[in-house]
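Heads up, data.txt below (compact mmCIF, C-alpha atoms):
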# COMPACT_ATOMS: atom_id res chain seq x y z
CA MET W 1 -24.20 88.88 176.65
CA GLN W 2 -23.95 85.14 176.04
CA ILE W 3 -24.09 82.85 179.08
CA ALA W 4 -21.51 80.05 179.18
CA THR W 5 -22.15 76.49 180.31
CA PRO W 6 -20.34 75.05 183.33
CA GLU W 7 -18.73 72.42 181.11
CA SER W 8 -17.17 75.04 178.83
CA TRP W 9 -15.89 77.40 181.53
CA TYR W 10 -12.42 75.93 182.05
CA THR W 11 -9.70 75.00 179.59
CA LEU W 12 -6.59 72.92 180.34
CA GLU W 13 -3.11 73.21 178.85
CA ARG W 14 -0.55 70.60 179.85
CA LEU W 15 2.93 72.10 179.96
CA ALA W 16 6.32 70.56 180.68
CA ASP W 17 7.53 69.45 184.12
CA GLY W 18 4.19 68.01 185.26
CA VAL W 19 2.54 71.45 185.23
CA THR W 20 -0.98 72.09 183.93
CA LEU W 21 -2.49 75.52 183.33
CA ILE W 22 -6.22 75.77 184.05
CA SER W 23 -7.91 78.88 182.62
CA GLU W 24 -11.32 80.49 182.95
CA GLN W 25 -11.60 81.16 179.25
CA PHE W 26 -14.54 83.58 179.38
CA ILE W 27 -12.76 86.16 181.53
CA GLU W 28 -10.77 88.96 179.90
CA PRO W 29 -7.01 88.21 179.99
CA TYR W 30 -6.17 91.11 182.33
CA TYR W 31 -8.55 89.75 184.99
CA ARG W 32 -8.05 86.04 184.28
CA CYS W 33 -6.09 84.28 187.00
CA ASN W 34 -3.79 81.45 186.00
CA ILE W 35 -4.72 78.35 188.00
CA TRP W 36 -1.70 76.04 188.23
CA HIS W 37 -1.77 72.31 188.94
CA VAL W 38 1.44 70.40 189.71
CA ARG W 39 1.57 66.62 189.85
CA GLY W 40 3.54 65.15 192.76
CA ARG W 41 4.36 61.61 193.82
CA ASP W 42 2.53 61.70 197.14
CA ARG W 43 0.07 64.53 196.53
CA ASP W 44 -0.63 67.31 194.08
CA LEU W 45 -0.39 71.07 194.36
CA LEU W 46 -2.94 73.65 193.24
CA ILE W 47 -1.81 77.26 193.09
CA ASP W 48 -4.82 79.60 193.12
CA SER W 49 -8.37 78.58 192.27
CA GLY W 50 -10.03 81.27 190.14
CA MET W 51 -13.14 83.37 190.77
CA GLY W 52 -15.42 80.69 192.13
CA VAL W 53 -18.29 81.45 189.74
CA VAL W 54 -18.09 77.86 188.42
CA SER W 55 -17.08 74.86 190.54
CA LEU W 56 -13.49 73.85 189.83
CA ARG W 57 -13.70 70.39 191.41
CA ARG W 58 -16.86 69.43 189.52
CA GLN W 59 -15.68 70.64 186.12
CA VAL W 60 -11.96 69.76 186.21
CA SER W 61 -11.44 66.14 187.20
CA LEU W 62 -7.66 66.67 187.41
CA VAL W 63 -8.00 68.56 190.70
CA ALA W 64 -10.25 65.93 192.31
CA GLU W 65 -8.29 62.78 191.48
CA ARG W 66 -5.74 62.76 194.31
CA ALA W 67 -4.82 64.34 197.63
CA LEU W 68 -4.07 67.98 196.95
CA LEU W 69 -2.94 71.13 198.76
CA ALA W 70 -4.63 74.31 197.50
CA VAL W 71 -2.26 77.23 197.97
CA ALA W 72 -3.35 80.85 197.55
CA SER W 73 -0.62 83.09 196.16
CA HIS W 74 -2.57 85.88 197.90
CA GLY W 75 -6.12 86.71 198.93
CA HIS W 76 -7.60 88.56 195.95
CA PHE W 77 -10.93 87.37 194.58
CA ASP W 78 -9.64 85.98 191.30
CA HIS W 79 -7.19 83.70 193.14
CA ILE W 80 -9.28 82.21 195.98
CA GLY W 81 -12.82 81.79 194.65
CA ASN W 82 -12.81 77.98 194.76
CA HIS W 83 -10.55 77.37 197.75
CA HIS W 84 -13.55 76.30 199.84
CA GLU W 85 -13.84 73.20 197.63
CA PHE W 86 -10.56 71.75 198.93
CA PRO W 87 -10.05 70.39 202.45
CA ASP W 88 -6.34 71.31 202.61
CA ARG W 89 -5.79 75.04 202.10
CA ALA W 90 -2.75 77.24 202.63
CA ILE W 91 -2.01 80.96 202.51
CA HIS W 92 0.55 83.30 204.00
CA ALA W 93 -0.31 84.23 207.58
CA ASP W 94 -0.58 87.92 206.66
CA GLU W 95 -3.68 87.22 204.57
CA ALA W 96 -5.23 84.33 206.47
CA ASP W 97 -8.02 86.61 207.64
CA ILE W 98 -9.00 87.31 204.03
CA LEU W 99 -9.34 83.62 203.18
CA ALA W 100 -11.43 83.10 206.31
CA ASN W 101 -13.59 86.18 205.74
CA PRO W 102 -13.41 87.07 202.03
CA THR W 103 -15.42 90.29 201.89
CA GLN W 104 -15.68 92.25 198.68
CA ARG W 105 -13.34 94.94 199.98
CA ALA W 106 -10.79 92.53 201.45
CA THR W 107 -10.56 90.60 198.17
CA VAL W 108 -10.68 93.82 196.03
CA ALA W 109 -13.78 92.48 194.25
CA ASP W 110 -15.57 95.74 195.01
CA VAL W 111 -13.21 97.53 192.60
CA TYR W 112 -11.77 94.93 190.24
CA ALA W 113 -14.62 92.51 189.49
CA PRO W 114 -16.97 94.37 187.10
CA LYS W 115 -19.40 92.60 184.83
CA GLU W 116 -17.43 93.93 181.86
CA MET W 117 -14.56 91.57 182.70
CA PHE W 118 -16.49 88.66 181.16
CA LEU W 119 -16.43 87.58 177.52
CA ALA W 120 -19.44 85.41 178.36
CA LEU W 121 -21.29 85.41 181.65
CA PRO W 122 -21.03 82.47 184.05
CA PRO W 123 -24.05 80.18 184.44
CA GLY W 124 -26.81 82.05 186.23
CA GLY W 125 -25.46 85.42 185.17
CA TYR W 126 -23.38 87.84 187.20
CA GLU W 127 -23.79 91.07 189.14
CA GLN W 128 -20.79 92.60 190.86
CA SER W 129 -22.79 93.76 193.87
CA ALA W 130 -24.03 90.21 194.52
CA TYR W 131 -20.72 88.41 193.97
CA ARG W 132 -19.50 86.58 197.08
CA ILE W 133 -16.70 84.14 197.84
CA GLU W 134 -17.31 81.38 200.35
CA PRO W 135 -15.10 81.45 203.47
CA ALA W 136 -12.28 78.90 203.41
CA PRO W 137 -10.19 79.17 206.59
CA ALA W 138 -6.63 78.00 206.03
CA THR W 139 -5.57 74.63 207.36
CA ARG W 140 -1.91 75.66 207.00
CA LEU W 141 -0.38 79.10 207.45
CA LEU W 142 2.69 79.76 205.35
CA LYS W 143 5.74 81.84 206.08
CA GLU W 144 9.04 82.65 204.42
CA GLY W 145 11.22 79.57 204.02
CA ASP W 146 8.48 76.96 204.47
CA VAL W 147 8.68 73.98 202.12
CA ILE W 148 5.72 72.40 200.36
CA ASP W 149 6.61 68.74 199.98
CA LEU W 150 4.91 66.68 197.26
CA GLY W 151 7.14 63.65 197.90
CA ASP W 152 9.36 63.94 194.87
CA ARG W 153 9.09 67.73 194.48
CA HIS W 154 9.78 70.50 196.96
CA PHE W 155 8.69 74.14 196.67
CA GLU W 156 10.12 76.83 198.91
CA VAL W 157 7.78 79.62 200.01
CA LEU W 158 9.07 83.13 199.25
CA HIS W 159 7.24 86.00 200.94
CA LEU W 160 6.92 88.73 198.29
CA PRO W 161 4.92 91.68 199.68
CA GLY W 162 4.04 94.73 197.65
CA HIS W 163 1.10 93.78 195.47
CA SER W 164 -0.48 92.65 198.74
CA PRO W 165 0.91 92.05 202.25
CA GLY W 166 0.82 88.26 202.06
CA SER W 167 1.80 87.69 198.44
CA ILE W 168 4.01 84.65 197.98
CA GLY W 169 5.88 82.77 195.29
CA LEU W 170 6.83 79.09 195.16
CA TRP W 171 10.38 78.26 194.07
CA GLU W 172 11.51 74.81 192.97
CA GLN W 173 15.28 75.05 192.94
CA ALA W 174 15.82 71.60 191.44
CA THR W 175 14.03 72.53 188.20
CA GLY W 176 14.31 76.33 188.17
CA ILE W 177 10.51 76.68 188.13
CA PHE W 178 9.07 79.73 189.85
CA PHE W 179 5.37 80.23 190.49
CA SER W 180 5.34 83.96 191.08
CA GLY W 181 1.68 84.79 191.79
CA ASP W 182 0.99 88.47 191.20
CA ALA W 183 4.42 89.60 192.39
CA ILE W 184 5.58 89.45 188.78
CA TYR W 185 3.92 88.43 185.53
CA ASP W 186 4.24 89.47 181.89
CA GLY W 187 1.67 92.26 181.92
CA PRO W 188 0.82 95.52 183.73
CA LEU W 189 1.71 94.95 187.38
CA SER W 190 -0.79 96.14 189.96
CA ASP W 191 0.39 98.17 192.96
CA GLN W 192 -2.72 100.32 193.46
CA CYS W 193 -4.91 98.02 195.58
CA TYR W 194 -6.01 99.27 199.00
CA HIS W 195 -3.28 97.24 200.73
CA SER W 196 -0.54 97.48 198.09
CA HIS W 197 2.72 99.07 199.21
CA ILE W 198 5.15 100.31 196.57
CA PRO W 199 8.26 100.58 198.79
CA ALA W 200 7.78 96.94 199.82
CA TYR W 201 7.22 96.02 196.16
CA LEU W 202 10.56 97.60 195.23
CA GLU W 203 12.27 95.57 197.95
CA THR W 204 10.61 92.45 196.58
CA MET W 205 11.87 93.26 193.08
CA ALA W 206 15.41 93.72 194.38
CA ARG W 207 15.18 90.31 195.99
CA LEU W 208 13.65 88.64 192.94
CA ARG W 209 16.45 89.93 190.75
CA LYS W 210 18.87 87.67 192.64
CA LEU W 211 16.78 84.59 191.83
CA LYS W 212 17.74 82.69 188.68
CA PRO W 213 14.58 80.95 187.45
CA ARG W 214 14.45 78.96 184.24
CA VAL W 215 10.72 79.42 183.69
CA ILE W 216 8.27 81.70 185.45
CA HIS W 217 4.57 80.83 185.77
CA GLY W 218 2.84 84.02 186.87
CA GLY W 219 -0.58 84.77 188.28
CA HIS W 220 -1.74 86.23 184.95
CA PHE W 221 -0.72 86.15 181.28
CA PRO W 222 1.62 83.63 179.58
CA SER W 223 4.67 82.07 181.19
CA PHE W 224 8.10 83.47 180.34
CA ASP W 225 11.83 82.81 180.64
CA GLY W 226 14.61 84.20 182.77
CA ARG W 227 15.64 86.91 180.32
CA ARG W 228 12.13 88.33 180.16
CA TYR W 229 11.93 88.04 183.95
CA LEU W 230 14.90 90.36 184.43
CA ALA W 231 13.52 92.84 181.90
CA LEU W 232 10.17 92.99 183.68
CA ILE W 233 11.84 93.60 187.04
CA ASP W 234 14.06 96.34 185.66
CA ASP W 235 11.18 98.02 183.83
CA TYR W 236 9.09 98.16 187.00
CA VAL W 237 11.92 99.47 189.16
CA GLU W 238 12.95 102.08 186.60
CA GLY W 239 9.36 103.25 186.21
CA LYS W 240 9.01 103.78 189.95
CA ARG W 241 12.42 105.48 190.14
CA ARG W 242 11.28 108.01 187.56
CA MET W 243 8.19 108.65 189.68
CA GLY W 244 10.39 109.24 192.72
CA CYS W 245 9.09 106.24 194.70
CA PRO W 246 11.39 105.35 197.62
CA SER W 247 12.32 101.81 198.46
CA GLU W 248 11.54 100.39 201.89
CA THR W 249 15.25 100.54 202.71
CA ALA W 250 15.58 104.16 201.66
CA ALA W 251 12.46 105.08 203.64
CA ARG W 252 13.88 103.72 206.93
Take the structure in this file and express it as structure tokens.
Amino acid sequence: MQIATPESWYTLERLADGVTLISEQFIEPYYRCNIWHVRGRDRDLLIDSGMGVVSLRRQVSLVAERALLAVASHGHFDHIGNHHEFPDRAIHADEADILANPTQRATVADVYAPKEMFLALPPGGYEQSAYRIEPAPATRLLKEGDVIDLGDRHFEVLHLPGHSPGSIGLWEQATGIFFSGDAIYDGPLSDQCYHSHIPAYLETMARLRKLKPRVIHGGHFPSFDGRRYLALIDDYVEGKRRMGCPSETAAR
């Protein structure tokens, strides 16, 4: 398989509302984490940081220009690989231990990071058994209702367990922008990880259905609008209902 250069690893797509999508273009779409950068007046926001097989700070000048808070939507390998490169790091308290000690099992890399996920290998090659993420203990622990303040922009933390215990989304009410992590995106949703919990996921979906976002930037796949958002929620819930999966409320 071809080996990519560090300079070619990332692509940038500038969207509306001061949002930039950073992509690891040589990873298959299903495994490719969306890395989101948001420009703020006083500091910037980075949501997730990719696999860590190529330095994000060295190859993408955008993330090294200004003070920046690197938020992890959750602690899976494809979302936290470069968090150690940033001095200010945040994650939900329920997954702080993963960011501080990102073992293969804790980050699900032992199952979901095969060599076959690459369209071209990162510089130096890749072997799943040797893949490691550098520890990056959080400097800020997030919880439901916290606000990430960029000066002129404010994102509310929503705790959205199900995919993982500490999954979060970031909601900007003023613009209707929702960064949803892996709680919801326009592709096959994953609820089979070792710490996934389907009843909690169904409760999260019920909560998300009450939100009225204008645009949703997920952890994977392209962004989508509010109509598609509702359809994705309803499809997931209906699929689990047919399987007989109880909600957290029904289970109590």
Checklist line | Polymer residues at most 10 Å from Val60 in chain W, only C-alpha atoms, same-chain spacing of 3 or more positions, as a list in words | finding: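 The filter keeps Glu7, Trp9, Tyr10, Thr11, Leu12, Ile22, Ser55, Leu56, Arg57, Val63, Ala64 and Glu65 of chain W.
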Within-7 Å shell of (-16.3, 82.1, 194.1) in input frame, all atoms listed in the file, as a compact mmCIF listing (two decimals) with C-alpha atoms, keeping the file's coordinate frame:
# COMPACT_ATOMS: atom_id res chain seq x y z
CA MET W 51 -13.14 83.37 190.77
CA GLY W 52 -15.42 80.69 192.13
CA VAL W 53 -18.29 81.45 189.74
CA GLY W 81 -12.82 81.79 194.65
CA ASN W 82 -12.81 77.98 194.76
CA ARG W 132 -19.50 86.58 197.08
CA ILE W 133 -16.70 84.14 197.84
CA GLU W 134 -17.31 81.38 200.35
Note to self: Which residues are close to Ile148 in chain W, i.e. within 9 Å by all atoms listed in the file, leaving aside same-chain residues fewer than 3 positions away? Reply as a ChimeraX atom specification.
What the structure shows: /W:45,69,153-157,170
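Neighbouring residues of range 101-108 of chain W at 6 Å or closer, counting only C-alpha atoms and skipping chain neighbours under 5 positions away, are Gly75, His76, Phe77 and Pro135 of chain W.
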Could you write out the selected residues, including C-alpha atoms, as a PDB file, in the coordinates of the input?
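Result saved to selection.pdb:
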ATOM      1  CA  GLY W  75      -6.120  86.710 198.930  1.00  0.00           C
ATOM      2  CA  HIS W  76      -7.600  88.560 195.950  1.00  0.00           C
ATOM      3  CA  PHE W  77     -10.930  87.370 194.580  1.00  0.00           C
ATOM      4  CA  PRO W 135     -15.100  81.450 203.470  1.00  0.00           C
TER       5      PRO W 135
END
Notebook entry, point to check: Which is closer to Pro137 in chain W than all the others in W:Met1, W:Ile47, W:Leu121, W:Ala93, using all atoms listed in the file?
Noted result: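 Nearest to Pro137 in chain W: W:Ala93.
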Next item on the list: Could you give me, as number ranges by chain, the residues within 12 Å of Pro213 in chain W, counting all atoms listed in the file and dropping anything in the same chain fewer than 4 positions from it?
Entry: W: 169-180, 208-209, 217, 223-230
Next item on the list: Give as a list in words each residue that has an atom at most 7 Å from (-1.6, 94.9, 194.8) in the file, counting all atoms listed in the file.
Entry: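 Output of the proximity query reads Gly162, His163, Ser164, Ser190, Asp191, Gln192, Cys193, His195 and Ser196 of chain W.
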Next item on the list: Choose the residue, out of W:Glu85, W:Asp149, W:Asp94, W:Glu24, that has the smallest atom-to-atom separation from Leu119 in chain W; count all atoms listed in the file.
Entry: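 The closest residue to Leu119 in chain W is W:Glu24.
You can rank W:Val71, W:Leu211, W:Leu150, W:Ala113 by their closest distance to Glu127 in chain W using all atoms listed in the file, and at the top of that list sits W:Ala113.
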